[in-house]
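Chemist: Quick one: the structure is below, questions incoming.
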Amino acid sequence: MGRRSPLAHAPRFTARAVRQVVINTEVKAVSGPIVLATDASVAADRVGSGYVATSGQTGLRAHEYPGHLVRSRSRVVVTELRAVHQGLRAVLHAHPRRAVEVRVDNMQALSYLARWRRGSTDMPEGYGTRLRSQGRRPSLLQLQMLVEYTPSLTFVHEKAHAGHPLNEAADSLAKLGLRCVRGTVPKEELPRLVPVWAAGALAEYRRGRAA
């Protein structure tokens, strides 16, 4: 039986909706190779992403998503890839020379990552590649370059909703971000909830390896 989502224990009262929320934090690491799990959650006009790594880095991002930015059928894969980018930035900043295994449950996202590894610059349909505000390079262009020029990264498929603790935690964090943007979880609760959920997932992952 799969691990029960921490969302079952999240607050149920109504809070003030917010346009965007970003949390990046750290919890106690698990010794051994670095494994990073990422996931996304997409609603009609909002998206959320989450990640948790055995090196202790964890976080989420959620925000409103204007429909004109990318075609609706590309929104899921774009958000999945942004989750990978967010997680890798955190892990590689803390451990710049370590190998990282990235576990992704979206096959379309994995396809782009595999192509980028081979030097492709293809982007999801409708994804704009012009510079963002203040001259920032679009996040997926940053990820494409990171994937192509960082040989210590590997990408593997993780079956969704199959009880894998890191994947379940990343999924729950992405959904938690969406709930915050909708106004059903207070933004002030996130700095407490994110590390609690990530620490629980890493403890379960540690027990599973020891079994």
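FYI, nothing fancy with the structure tokens labels: chains A, B, ... in order, residues from 1 per chain, ligands from 1 as they appear.
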Do you have, as JSON lines, the list of residues of stretch 52-167 of chain A lying at most 8 Å from stretch 17-33 of chain A, each with its nearest atom pair and that distance in Å to one decimal, counting only C-alpha atoms and ordered by chain then number?
Modeler:
```
{"residue": "A:Thr54", "atom": "CA", "partner": "A:Val30", "partner_atom": "CA", "distance": 5.2}
{"residue": "A:Ser55", "atom": "CA", "partner": "A:Ala29", "partner_atom": "CA", "distance": 4.6}
{"residue": "A:Gly56", "atom": "CA", "partner": "A:Ala29", "partner_atom": "CA", "distance": 4.3}
{"residue": "A:Gln57", "atom": "CA", "partner": "A:Glu26", "partner_atom": "CA", "distance": 4.5}
{"residue": "A:Thr58", "atom": "CA", "partner": "A:Thr25", "partner_atom": "CA", "distance": 5.5}
{"residue": "A:Gly59", "atom": "CA", "partner": "A:Asn24", "partner_atom": "CA", "distance": 4.3}
{"residue": "A:Leu60", "atom": "CA", "partner": "A:Ile23", "partner_atom": "CA", "distance": 5.3}
{"residue": "A:Arg61", "atom": "CA", "partner": "A:Val22", "partner_atom": "CA", "distance": 4.4}
{"residue": "A:Ala62", "atom": "CA", "partner": "A:Val21", "partner_atom": "CA", "distance": 5.4}
{"residue": "A:His63", "atom": "CA", "partner": "A:Gln20", "partner_atom": "CA", "distance": 4.1}
{"residue": "A:Glu64", "atom": "CA", "partner": "A:Arg19", "partner_atom": "CA", "distance": 5.7}
{"residue": "A:Ala90", "atom": "CA", "partner": "A:Asn24", "partner_atom": "CA", "distance": 7.6}
{"residue": "A:Ala99", "atom": "CA", "partner": "A:Pro33", "partner_atom": "CA", "distance": 7.4}
{"residue": "A:Val100", "atom": "CA", "partner": "A:Pro33", "partner_atom": "CA", "distance": 7.2}
{"residue": "A:Glu101", "atom": "CA", "partner": "A:Pro33", "partner_atom": "CA", "distance": 8.0}
```
Chemist: Output all heavy atoms for every residue in the selection just made, as a compact mmCIF listing (two decimals), in the first residue's frame.
Modeler:
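Now in out.txt:
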```
# COMPACT_ATOMS: atom_id res chain seq x y z
N THR A 54 17.74 13.56 -1.26
CA THR A 54 18.33 12.85 -0.13
C THR A 54 19.45 13.65 0.52
O THR A 54 19.84 13.37 1.66
CB THR A 54 18.86 11.48 -0.56
OG1 THR A 54 19.80 11.65 -1.63
CG2 THR A 54 17.73 10.58 -1.03
N SER A 55 19.98 14.65 -0.17
CA SER A 55 21.00 15.53 0.40
C SER A 55 20.39 16.57 1.33
O SER A 55 21.13 17.37 1.92
CB SER A 55 21.78 16.22 -0.72
OG SER A 55 20.91 16.82 -1.65
N GLY A 56 19.06 16.58 1.45
CA GLY A 56 18.38 17.45 2.40
C GLY A 56 17.67 18.64 1.80
O GLY A 56 16.85 19.26 2.48
N GLN A 57 17.97 19.00 0.57
CA GLN A 57 17.31 20.14 -0.04
C GLN A 57 15.86 19.79 -0.40
O GLN A 57 15.59 18.70 -0.92
CB GLN A 57 18.06 20.61 -1.30
CG GLN A 57 19.39 21.28 -1.03
CD GLN A 57 20.45 20.31 -0.58
OE1 GLN A 57 20.54 19.18 -1.10
NE2 GLN A 57 21.25 20.70 0.39
N THR A 58 14.96 20.71 -0.13
CA THR A 58 13.55 20.48 -0.43
C THR A 58 12.85 21.82 -0.63
O THR A 58 13.32 22.86 -0.14
CB THR A 58 12.86 19.68 0.69
OG1 THR A 58 11.52 19.37 0.31
CG2 THR A 58 12.83 20.47 2.00
N GLY A 59 11.74 21.80 -1.34
CA GLY A 59 11.02 23.05 -1.54
C GLY A 59 9.85 22.91 -2.48
O GLY A 59 9.55 21.82 -2.98
N LEU A 60 9.19 24.03 -2.70
CA LEU A 60 8.05 24.07 -3.61
C LEU A 60 7.95 25.45 -4.23
O LEU A 60 8.51 26.43 -3.73
CB LEU A 60 6.75 23.71 -2.89
CG LEU A 60 6.27 24.60 -1.73
CD1 LEU A 60 5.56 25.86 -2.20
CD2 LEU A 60 5.34 23.80 -0.83
N ARG A 61 7.20 25.50 -5.32
CA ARG A 61 6.88 26.77 -5.97
C ARG A 61 5.49 26.63 -6.55
O ARG A 61 5.15 25.59 -7.14
CB ARG A 61 7.87 27.10 -7.08
CG ARG A 61 7.58 28.43 -7.76
CD ARG A 61 8.53 28.70 -8.90
NE ARG A 61 8.29 30.02 -9.48
CZ ARG A 61 8.43 30.32 -10.77
NH1 ARG A 61 8.78 29.38 -11.62
NH2 ARG A 61 8.21 31.53 -11.20
N ALA A 62 4.66 27.67 -6.39
CA ALA A 62 3.33 27.66 -6.99
C ALA A 62 2.96 29.09 -7.34
O ALA A 62 3.36 30.04 -6.65
CB ALA A 62 2.30 27.06 -6.04
N HIS A 63 2.19 29.24 -8.42
CA HIS A 63 1.82 30.58 -8.84
C HIS A 63 0.67 30.53 -9.83
O HIS A 63 0.35 29.47 -10.39
CB HIS A 63 3.03 31.29 -9.49
CG HIS A 63 3.62 30.56 -10.66
ND1 HIS A 63 3.22 30.77 -11.96
CD2 HIS A 63 4.58 29.60 -10.71
CE1 HIS A 63 3.92 29.98 -12.76
NE2 HIS A 63 4.74 29.26 -12.02
N GLU A 64 0.03 31.66 -10.04
CA GLU A 64 -0.97 31.77 -11.08
C GLU A 64 -0.28 31.66 -12.43
O GLU A 64 0.87 32.07 -12.59
CB GLU A 64 -1.70 33.11 -10.96
CG GLU A 64 -2.48 33.26 -9.66
CD GLU A 64 -3.16 34.60 -9.54
OE1 GLU A 64 -2.88 35.49 -10.37
OE2 GLU A 64 -3.96 34.79 -8.61
N ALA A 90 18.91 23.92 -6.38
CA ALA A 90 19.15 23.84 -4.94
C ALA A 90 20.23 22.81 -4.61
O ALA A 90 21.14 23.08 -3.81
CB ALA A 90 17.84 23.50 -4.23
N ALA A 99 27.46 13.74 -8.01
CA ALA A 99 26.55 13.13 -8.97
C ALA A 99 25.13 13.16 -8.40
O ALA A 99 24.93 13.00 -7.19
CB ALA A 99 26.97 11.71 -9.27
N VAL A 100 24.16 13.37 -9.27
CA VAL A 100 22.76 13.45 -8.83
C VAL A 100 21.91 12.59 -9.75
O VAL A 100 21.97 12.72 -10.99
CB VAL A 100 22.23 14.90 -8.86
CG1 VAL A 100 20.79 14.95 -8.36
CG2 VAL A 100 23.11 15.83 -8.05
N GLU A 101 21.12 11.69 -9.15
CA GLU A 101 20.13 10.93 -9.89
C GLU A 101 18.78 11.62 -9.72
O GLU A 101 18.30 11.77 -8.61
CB GLU A 101 20.04 9.50 -9.37
CG GLU A 101 18.96 8.67 -10.07
CD GLU A 101 18.83 7.29 -9.47
OE1 GLU A 101 19.67 6.43 -9.78
OE2 GLU A 101 17.87 7.07 -8.68
```
Chemist: Give me, as a tab-separated table, the closest atom pair and its distance (Å, one decimal) for every residue of stretch 67-170 of chain A within a cut-off of 9 Å of stretch 198-209 of chain A, counting only C-alpha atoms, rows sorted by chain and rising number.
Modeler:
```
residue	atom	partner	partner_atom	distance
A:His164	CA	A:Tyr205	CA	8.1
A:Pro165	CA	A:Ala201	CA	5.2
A:Leu166	CA	A:Ala201	CA	5.9
A:Asn167	CA	A:Ala201	CA	8.9
A:Glu168	CA	A:Ala201	CA	8.0
A:Ala169	CA	A:Ala201	CA	6.1
A:Ala170	CA	A:Ala198	CA	8.3
```
Chemist: From the options A:Leu36, A:Leu81, A:Val104, A:Leu176, which residue's atoms come nearest to A:Leu143, counting only C-alpha atoms?
Modeler: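 So, comparing all the options, the nearest one is A:Leu81.
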Chemist: Taking 2 positions as the minimum chain separation for residues in the same chain, which residues sit within 9 Å of A:Lys187 when counting only C-alpha atoms? Answer as a ChimeraX atom specification.
Modeler: /A:15-18,21,177,180-181,183,185,189-191
Chemist: Using DSSP secondary structure from the backbone, list all strand (DSSP E or B) positions within stretch 116-175 of chain A, as a ChimeraX atom specification.
Modeler: /A:153-157
Chemist: So, with only C-alpha atoms as the atoms that count, which of A:Asp122, A:Arg103, A:Ala160, A:Leu92 lies closest to A:Thr38?
Modeler: A:Arg103
Chemist: Got a sec: who's within 9 Å of A:Asn106, counting only C-alpha atoms, leaving out chain neighbours fewer than 6 positions off, as a PyMOL selection string?
Modeler: chain A and resi 39+76-77+80+157-160
Chemist: Could you please determine the separation between atom CA of A:Leu173 and atom CA of A:Arg117 in Å, to one decimal place?
Modeler: 27.2 Å
